[in-house]
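Note: the block below is structure-v6.txt and it holds compact mmCIF, C-alpha atoms.
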```txt
# COMPACT_ATOMS: atom_id res chain seq x y z
CA MET Q 101 -4.95 236.93 15.44
CA PHE Q 102 -2.05 234.66 14.50
CA TRP Q 103 0.54 237.04 15.92
CA GLU Q 104 -1.46 237.30 19.12
CA TYR Q 105 -1.04 233.54 19.56
CA VAL Q 106 2.67 233.74 18.76
CA SER Q 107 3.33 236.46 21.34
CA GLU Q 108 1.16 234.71 23.92
CA TYR Q 109 3.00 231.41 23.56
CA LEU Q 110 6.36 233.17 23.44
CA LYS Q 111 5.61 234.78 26.81
CA VAL Q 112 4.56 231.39 28.20
CA PHE Q 113 7.72 229.77 26.84
CA ILE Q 114 10.02 232.44 28.24
CA THR Q 115 8.38 232.55 31.69
CA GLY Q 116 8.30 228.76 32.11
CA GLY Q 117 11.76 228.41 30.61
CA LEU Q 118 13.29 231.01 32.92
CA ILE Q 119 11.84 229.37 36.03
CA CYS Q 120 13.32 226.02 34.96
CA LEU Q 121 16.61 227.70 34.04
CA LEU Q 122 16.81 229.11 37.57
CA GLY Q 123 16.22 225.61 38.92
CA GLN Q 124 18.93 224.16 36.69
CA ILE Q 125 21.44 226.81 37.85
CA LEU Q 126 20.61 225.82 41.45
CA ILE Q 127 21.12 222.12 40.63
CA ASN Q 128 24.42 222.82 38.87
CA HIS Q 129 25.86 224.91 41.68
CA SER Q 130 24.44 223.41 44.86
CA LYS Q 131 23.78 219.71 44.01
CA MET Q 132 20.36 220.01 45.64
CA THR Q 133 18.09 216.97 45.44
CA THR Q 134 14.84 216.92 43.48
CA ALA Q 135 12.70 217.09 46.63
CA ARG Q 136 14.54 220.16 47.93
CA ILE Q 137 14.32 221.97 44.60
CA LEU Q 138 10.58 221.27 44.38
CA VAL Q 139 9.97 222.43 47.96
CA LEU Q 140 12.08 225.56 47.49
CA PHE Q 141 10.27 226.64 44.32
CA MET Q 142 6.85 225.84 45.77
CA LEU Q 143 7.57 227.94 48.86
CA THR Q 144 8.91 230.77 46.70
CA GLY Q 145 5.76 230.71 44.58
CA GLY Q 146 3.61 230.70 47.71
CA LEU Q 147 5.54 233.57 49.27
CA LEU Q 148 5.24 235.64 46.09
CA GLU Q 149 1.49 234.93 46.12
CA ILE Q 150 1.22 236.13 49.74
CA LEU Q 151 3.06 239.30 48.76
CA GLY Q 152 0.66 239.70 45.84
CA VAL Q 153 3.40 239.55 43.21
CA TYR Q 154 2.75 236.14 41.65
CA ARG Q 155 -0.54 237.17 40.06
CA TYR Q 156 1.37 239.61 37.88
CA VAL Q 157 3.73 236.82 36.81
CA VAL Q 158 0.67 234.72 35.91
CA GLU Q 159 -0.88 237.68 34.07
CA PHE Q 160 2.25 237.95 31.95
CA GLY Q 161 3.26 234.30 31.55
CA GLY Q 162 -0.03 232.38 31.78
CA ALA Q 163 0.72 228.66 31.91
CA GLY Q 164 4.42 229.53 32.06
CA ALA Q 165 3.76 230.60 35.64
CA THR Q 166 0.95 228.21 36.62
CA VAL Q 167 2.42 224.93 35.30
CA PRO Q 168 5.75 225.06 37.24
CA ILE Q 169 5.62 223.94 40.88
CA SER Q 170 5.77 227.59 42.01
CA GLY Q 171 2.27 227.87 40.57
CA PHE Q 172 1.25 224.98 42.82
CA GLY Q 173 2.47 227.00 45.82
CA SER Q 174 0.53 230.04 44.67
CA VAL Q 175 -2.63 227.93 44.24
CA LEU Q 176 -2.25 226.66 47.82
CA VAL Q 177 -2.01 230.20 49.16
CA LYS Q 178 -4.85 231.39 46.94
CA GLY Q 179 -7.02 228.53 48.21
CA ALA Q 180 -6.19 229.45 51.81
CA PHE Q 181 -7.02 233.13 51.23
CA GLU Q 182 -10.36 232.35 49.58
CA SER Q 183 -11.34 229.87 52.30
CA VAL Q 184 -10.47 232.33 55.05
CA ASN Q 185 -12.72 234.89 53.39
CA GLU Q 186 -15.54 232.36 53.23
CA HIS Q 187 -15.21 230.33 56.42
CA GLY Q 188 -13.00 232.37 58.74
CA PHE Q 189 -10.78 230.32 61.02
CA LEU Q 190 -11.83 226.94 59.58
CA GLY Q 191 -10.57 228.16 56.24
CA VAL Q 192 -7.05 228.43 57.67
CA ILE Q 193 -6.96 224.64 57.95
CA THR Q 194 -9.05 223.58 54.95
CA GLY Q 195 -8.04 226.22 52.41
CA GLY Q 196 -4.73 224.84 51.18
CA MET Q 197 -6.17 221.39 50.51
CA ASN Q 198 -9.06 222.98 48.63
CA GLY Q 199 -6.68 224.78 46.32
CA ALA Q 200 -4.37 221.83 45.78
CA ALA Q 201 -7.08 219.16 45.68
CA ALA Q 202 -7.04 218.75 41.89
CA GLY Q 203 -3.26 218.31 41.67
CA ILE Q 204 -2.74 216.05 44.67
CA GLY Q 205 -5.86 213.97 43.98
CA ALA Q 206 -4.95 213.37 40.35
CA ALA Q 207 -1.30 212.59 41.15
CA ILE Q 208 -2.12 210.06 43.85
CA PHE Q 209 -4.96 208.32 41.99
CA LEU Q 210 -3.17 208.08 38.63
CA SER Q 211 0.12 206.96 40.20
CA PHE Q 212 -1.70 204.24 42.13
CA ILE Q 213 -3.42 202.95 38.99
CA PHE Q 214 -0.26 203.11 36.84
CA ALA Q 215 1.76 201.37 39.56
CA LEU Q 216 -0.77 198.51 39.53
CA ILE Q 217 -0.65 198.21 35.73
CA PHE Q 218 2.99 198.86 34.82
CA LYS Q 219 6.01 196.87 35.98
CA SER Q 220 9.12 198.70 37.13
CA LYS Q 221 11.76 199.13 34.44
CA THR Q 222 14.72 198.37 36.69
CA LYS Q 223 13.53 194.96 37.90
CA GLU Q 224 15.83 191.92 38.03
CA LYS Q 225 19.09 193.76 37.83
CA MET E 233 44.52 215.39 48.90
CA ASP E 234 41.60 215.68 51.30
CA LYS E 235 37.92 215.76 50.49
CA THR E 236 37.45 219.50 49.97
CA GLU E 237 40.53 219.71 47.74
CA TYR E 238 39.26 216.79 45.71
CA LEU E 239 35.82 218.40 45.27
CA LYS E 240 37.53 221.60 44.16
CA PHE E 241 39.60 219.60 41.71
CA VAL E 242 36.47 217.98 40.28
CA GLU E 243 34.73 221.34 40.07
CA GLU E 244 37.64 222.92 38.17
CA ASN E 245 37.95 220.07 35.73
CA SER E 246 34.30 219.30 35.02
CA PRO E 247 33.37 220.66 31.60
CA LYS E 248 31.80 224.12 31.66
CA THR E 249 30.09 223.66 28.32
CA ARG E 250 28.04 220.84 29.78
CA LYS E 251 26.65 223.20 32.42
CA VAL E 252 25.62 225.75 29.80
CA LYS E 253 24.09 222.93 27.78
CA THR E 254 22.03 221.63 30.72
CA MET E 255 20.79 225.17 31.35
CA LEU E 256 19.77 225.54 27.71
CA PHE E 257 18.01 222.16 27.73
CA ALA E 258 16.24 223.05 30.98
CA PHE E 259 15.05 226.34 29.49
CA ILE E 260 13.76 224.73 26.30
CA ALA E 261 12.14 221.73 27.99
CA GLY E 262 10.52 223.81 30.72
CA GLY E 263 9.25 226.38 28.23
CA SER E 264 7.87 223.66 25.97
CA ILE E 265 6.03 221.87 28.78
CA CYS E 266 4.47 225.18 29.84
CA CYS E 267 3.42 225.80 26.23
CA ILE E 268 1.70 222.39 26.24
CA GLY E 269 -0.10 223.54 29.38
CA GLU E 270 -1.16 226.77 27.66
CA ALA E 271 -2.37 224.79 24.63
CA VAL E 272 -4.41 222.48 26.88
CA ARG E 273 -5.88 225.59 28.49
CA ASP E 274 -6.76 227.14 25.12
CA VAL E 275 -8.44 223.94 23.90
CA LEU E 276 -10.39 223.46 27.16
CA ASP E 277 -11.43 227.10 27.07
CA LYS E 278 -13.06 226.49 23.67
CA ILE E 279 -14.68 223.17 24.62
CA LEU E 280 -15.83 223.81 28.19
CA SER E 281 -15.88 227.58 28.61
CA PRO E 282 -16.35 227.24 32.38
CA THR E 283 -15.29 229.75 35.01
CA ALA E 284 -11.60 230.51 35.31
CA PRO E 285 -10.61 228.74 38.57
CA GLN E 286 -12.20 225.48 37.46
CA LEU E 287 -10.41 225.75 34.14
CA SER E 288 -6.98 225.89 35.78
CA SER E 289 -7.87 222.82 37.87
CA TYR E 290 -8.67 220.88 34.70
CA VAL E 291 -5.39 222.01 33.15
CA THR E 292 -3.54 220.78 36.27
CA ILE E 293 -5.29 217.40 36.13
CA ILE E 294 -4.47 216.91 32.46
CA MET E 295 -0.82 217.94 32.93
CA ILE E 296 -0.56 215.52 35.87
CA PHE E 297 -2.08 212.80 33.72
CA LEU E 298 0.45 213.46 30.95
CA GLY E 299 3.34 213.46 33.43
CA SER E 300 2.18 210.24 35.09
CA PHE E 301 1.45 208.48 31.82
CA PHE E 302 4.77 209.30 30.16
CA THR E 303 6.53 208.27 33.37
CA ALA E 304 4.70 204.95 33.36
CA VAL E 305 5.70 204.17 29.77
CA GLY E 306 9.29 205.19 30.54
CA LEU E 307 9.58 208.27 28.32
CA TYR E 308 9.62 210.98 31.01
CA ASP E 309 12.79 209.70 32.62
CA LYS E 310 14.52 209.78 29.24
CA LEU E 311 13.50 213.42 28.90
CA GLY E 312 14.63 214.03 32.48
CA ARG E 313 18.16 212.85 31.79
CA LYS E 314 18.54 215.63 29.22
CA ALA E 315 16.26 218.34 30.52
CA GLY E 316 17.14 218.30 34.25
CA ALA E 317 15.18 221.00 36.03
CA GLY E 318 13.14 221.55 32.86
CA SER E 319 11.41 218.26 33.53
CA VAL E 320 11.46 218.47 37.35
CA LEU E 321 9.93 221.88 38.03
CA PRO E 322 6.75 221.77 35.90
CA ILE E 323 3.79 220.06 37.61
CA THR E 324 4.44 217.08 35.30
CA GLY E 325 7.69 216.58 37.25
CA PHE E 326 5.71 216.44 40.49
CA ALA E 327 3.54 213.74 38.90
CA ASN E 328 6.69 212.03 37.67
CA SER E 329 8.15 211.88 41.18
CA VAL E 330 4.98 210.28 42.57
CA THR E 331 4.45 207.81 39.73
CA SER E 332 8.07 206.71 39.35
CA ALA E 333 8.37 206.06 43.10
CA ALA E 334 5.09 204.11 43.05
CA ILE E 335 6.07 201.98 40.06
CA GLU E 336 9.61 201.41 41.31
CA HIS E 337 8.34 199.88 44.54
CA ASN E 338 5.24 198.08 43.26
CA ARG E 339 6.89 194.67 43.71
CA GLU E 340 7.02 195.24 47.45
CA GLY E 341 3.23 195.07 47.65
CA VAL E 342 0.37 197.51 47.41
CA VAL E 343 0.39 198.91 50.95
CA PHE E 344 4.10 198.96 51.83
CA GLY E 345 5.34 199.27 48.26
CA ILE E 346 3.07 201.52 46.23
CA CYS E 347 1.22 203.47 48.92
CA ALA E 348 4.07 203.98 51.39
CA GLN E 349 6.84 204.74 48.89
CA MET E 350 4.76 207.00 46.66
CA PHE E 351 5.62 210.05 48.76
CA THR E 352 9.40 209.89 49.03
CA VAL E 353 9.72 213.08 46.96
CA ALA E 354 6.15 214.37 46.89
CA GLY E 355 5.72 214.01 50.67
CA PRO E 356 7.96 216.95 51.60
CA VAL E 357 6.28 219.06 48.89
CA ILE E 358 2.80 218.28 50.23
CA VAL E 359 3.80 218.75 53.88
CA PHE E 360 5.50 222.07 53.22
CA GLY E 361 2.58 223.03 51.00
CA ILE E 362 0.03 222.43 53.75
CA VAL E 363 2.19 224.25 56.32
CA LEU E 364 2.57 227.14 53.87
CA SER E 365 -1.18 227.33 53.27
CA VAL E 366 -2.00 227.30 57.01
CA VAL E 367 0.59 230.00 57.72
CA SER E 368 -0.71 232.11 54.84
CA GLY E 369 -4.27 231.55 56.12
CA ILE E 370 -3.25 232.86 59.53
CA VAL E 371 -1.53 235.84 57.93
CA LYS E 372 -4.69 236.55 55.95
CA LEU E 373 -6.91 236.16 59.01
CA LEU E 374 -4.82 238.44 61.23
CA PHE E 375 -3.39 241.08 58.94
CA LEU E 376 -5.09 241.24 55.56
CA SER E 377 -8.83 240.97 56.20
```
As structure tokens, please, write out the structure in this file.
Amino acid sequence: MFWEYVSEYLKVFITGGLICLLGQILINHSKMTTARILVLFMLTGGLLEILGVYRYVVEFGGAGATVPISGFGSVLVKGAFESVNEHGFLGVITGGMNGAAAGIGAAIFLSFIFALIFKSKTKEK
Amino acid sequence: MDKTEYLKFVEENSPKTRKVKTMLFAFIAGGSICCIGEAVRDVLDKILSPTAPQLSSYVTIIMIFLGSFFTAVGLYDKLGRKAGAGSVLPITGFANSVTSAAIEHNREGVVFGICAQMFTVAGPVIVFGIVLSVVSGIVKLLFLS
């Protein structure tokens, strides 16, 4: 039981760590900005989901594959696929938002609230 | 010495050990954040025991909350200086980019400060995400179903 947890978390750690390591190598060698790195990894995750590969990464790495932004891309594609199955053409348009609703909704709402409460750290400089 | 020669000079003389170090930090930080996500998932699984897709949405919301909160209190940017991509690529980094932009510009007003500036980094991600999902929907509709 205990060793099951250890191996599970080790897989998560290695998968998530490797994805971030890849990103860091890209930053070190190409000086890409944060936005570009995020977009690139999201698109890669989405593409791997379309090809049907990403689900195996998730099967192996669990949160190590779903927590990085590539998992966000895969969720978008998964949402689109499910919606197309359910609603046909309408699902093409609505599907991605369905999949990403939790992430985008939480990020926007929480950021709005925190920005109202907290003052910026770099003020008056 | 022109610009390309200068950049080459900088590249040759910048410390290599620092690059290895940033990679190591990115690996450790990224792995740790994902382990936190897995822990959140394990705990929720025991408490809620709902169906799987809902569970992953809850995990996402909690990770976004953690990312936003630690950005707001100023800790996430400290982590980011060390961890680099290890703090950027997890979904907490996405939350960090939205929250830090929103807080940075909150003195410019709610509409033009917070709301407009919130998406300087997250905007491209969301736009490309929606385009990706529509394209994948079309692919599914035409070829896979």
Would you give me, as a PDB file with C-alpha atoms, in the frame of the given file, the residues of chain E that come within 7 Å of chain Q, using all atoms listed in the file?
```
ATOM      1  CA  LYS E 251      26.650 223.200  32.420  1.00  0.00           C
ATOM      2  CA  MET E 255      20.790 225.170  31.350  1.00  0.00           C
ATOM      3  CA  ALA E 258      16.240 223.050  30.980  1.00  0.00           C
ATOM      4  CA  PHE E 259      15.050 226.340  29.490  1.00  0.00           C
ATOM      5  CA  ILE E 260      13.760 224.730  26.300  1.00  0.00           C
ATOM      6  CA  GLY E 262      10.520 223.810  30.720  1.00  0.00           C
ATOM      7  CA  GLY E 263       9.250 226.380  28.230  1.00  0.00           C
ATOM      8  CA  SER E 264       7.870 223.660  25.970  1.00  0.00           C
ATOM      9  CA  CYS E 266       4.470 225.180  29.840  1.00  0.00           C
ATOM     10  CA  CYS E 267       3.420 225.800  26.230  1.00  0.00           C
ATOM     11  CA  GLY E 269      -0.100 223.540  29.380  1.00  0.00           C
ATOM     12  CA  GLU E 270      -1.160 226.770  27.660  1.00  0.00           C
ATOM     13  CA  SER E 289      -7.870 222.820  37.870  1.00  0.00           C
ATOM     14  CA  THR E 292      -3.540 220.780  36.270  1.00  0.00           C
ATOM     15  CA  ILE E 293      -5.290 217.400  36.130  1.00  0.00           C
ATOM     16  CA  ILE E 296      -0.560 215.520  35.870  1.00  0.00           C
ATOM     17  CA  PHE E 297      -2.080 212.800  33.720  1.00  0.00           C
ATOM     18  CA  SER E 300       2.180 210.240  35.090  1.00  0.00           C
ATOM     19  CA  ALA E 304       4.700 204.950  33.360  1.00  0.00           C
ATOM     20  CA  GLY E 316      17.140 218.300  34.250  1.00  0.00           C
ATOM     21  CA  ALA E 317      15.180 221.000  36.030  1.00  0.00           C
ATOM     22  CA  GLY E 318      13.140 221.550  32.860  1.00  0.00           C
ATOM     23  CA  LEU E 321       9.930 221.880  38.030  1.00  0.00           C
ATOM     24  CA  PRO E 322       6.750 221.770  35.900  1.00  0.00           C
ATOM     25  CA  ILE E 323       3.790 220.060  37.610  1.00  0.00           C
ATOM     26  CA  ALA E 327       3.540 213.740  38.900  1.00  0.00           C
ATOM     27  CA  VAL E 330       4.980 210.280  42.570  1.00  0.00           C
ATOM     28  CA  THR E 331       4.450 207.810  39.730  1.00  0.00           C
ATOM     29  CA  ALA E 334       5.090 204.110  43.050  1.00  0.00           C
ATOM     30  CA  ILE E 335       6.070 201.980  40.060  1.00  0.00           C
ATOM     31  CA  GLU E 336       9.610 201.410  41.310  1.00  0.00           C
ATOM     32  CA  ASN E 338       5.240 198.080  43.260  1.00  0.00           C
ATOM     33  CA  ILE E 346       3.070 201.520  46.230  1.00  0.00           C
ATOM     34  CA  VAL E 353       9.720 213.080  46.960  1.00  0.00           C
ATOM     35  CA  PRO E 356       7.960 216.950  51.600  1.00  0.00           C
ATOM     36  CA  VAL E 357       6.280 219.060  48.890  1.00  0.00           C
ATOM     37  CA  PHE E 360       5.500 222.070  53.220  1.00  0.00           C
ATOM     38  CA  GLY E 361       2.580 223.030  51.000  1.00  0.00           C
ATOM     39  CA  ILE E 362       0.030 222.430  53.750  1.00  0.00           C
ATOM     40  CA  SER E 365      -1.180 227.330  53.270  1.00  0.00           C
ATOM     41  CA  VAL E 366      -2.000 227.300  57.010  1.00  0.00           C
ATOM     42  CA  SER E 368      -0.710 232.110  54.840  1.00  0.00           C
ATOM     43  CA  GLY E 369      -4.270 231.550  56.120  1.00  0.00           C
ATOM     44  CA  ILE E 370      -3.250 232.860  59.530  1.00  0.00           C
ATOM     45  CA  LYS E 372      -4.690 236.550  55.950  1.00  0.00           C
ATOM     46  CA  LEU E 373      -6.910 236.160  59.010  1.00  0.00           C
TER      47      LEU E 373
END
```
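Pairwise distance (CA of Gly299 in chain E, CA of Phe351 in chain E) equals 15.9 Å.
CA of Thr352 in chain E to CA of Ser329 in chain E spans 8.2 Å [interatomic distance, one decimal].
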Report as JSON the centre and the edge lengths, in Å to one decimal, of the axis-aligned box holding every listed atom of range 132-142 of chain Q, padded by 5 Å on each side.
```
{"center_x": 13.6, "center_y": 221.8, "center_z": 45.7, "size_x": 23.5, "size_y": 19.7, "size_z": 14.5}
```
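Counting from CA of Val343 in chain E, the distance to CA of Met295 in chain E is 26.2 Å.
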- Please identify all polymer residues within 7 Å of His337 in chain E, counting all atoms listed in the file, omitting same-chain residues fewer than 4 positions from it, and present them as an MDAnalysis selection string. chainID E and resid 333 345:346 349
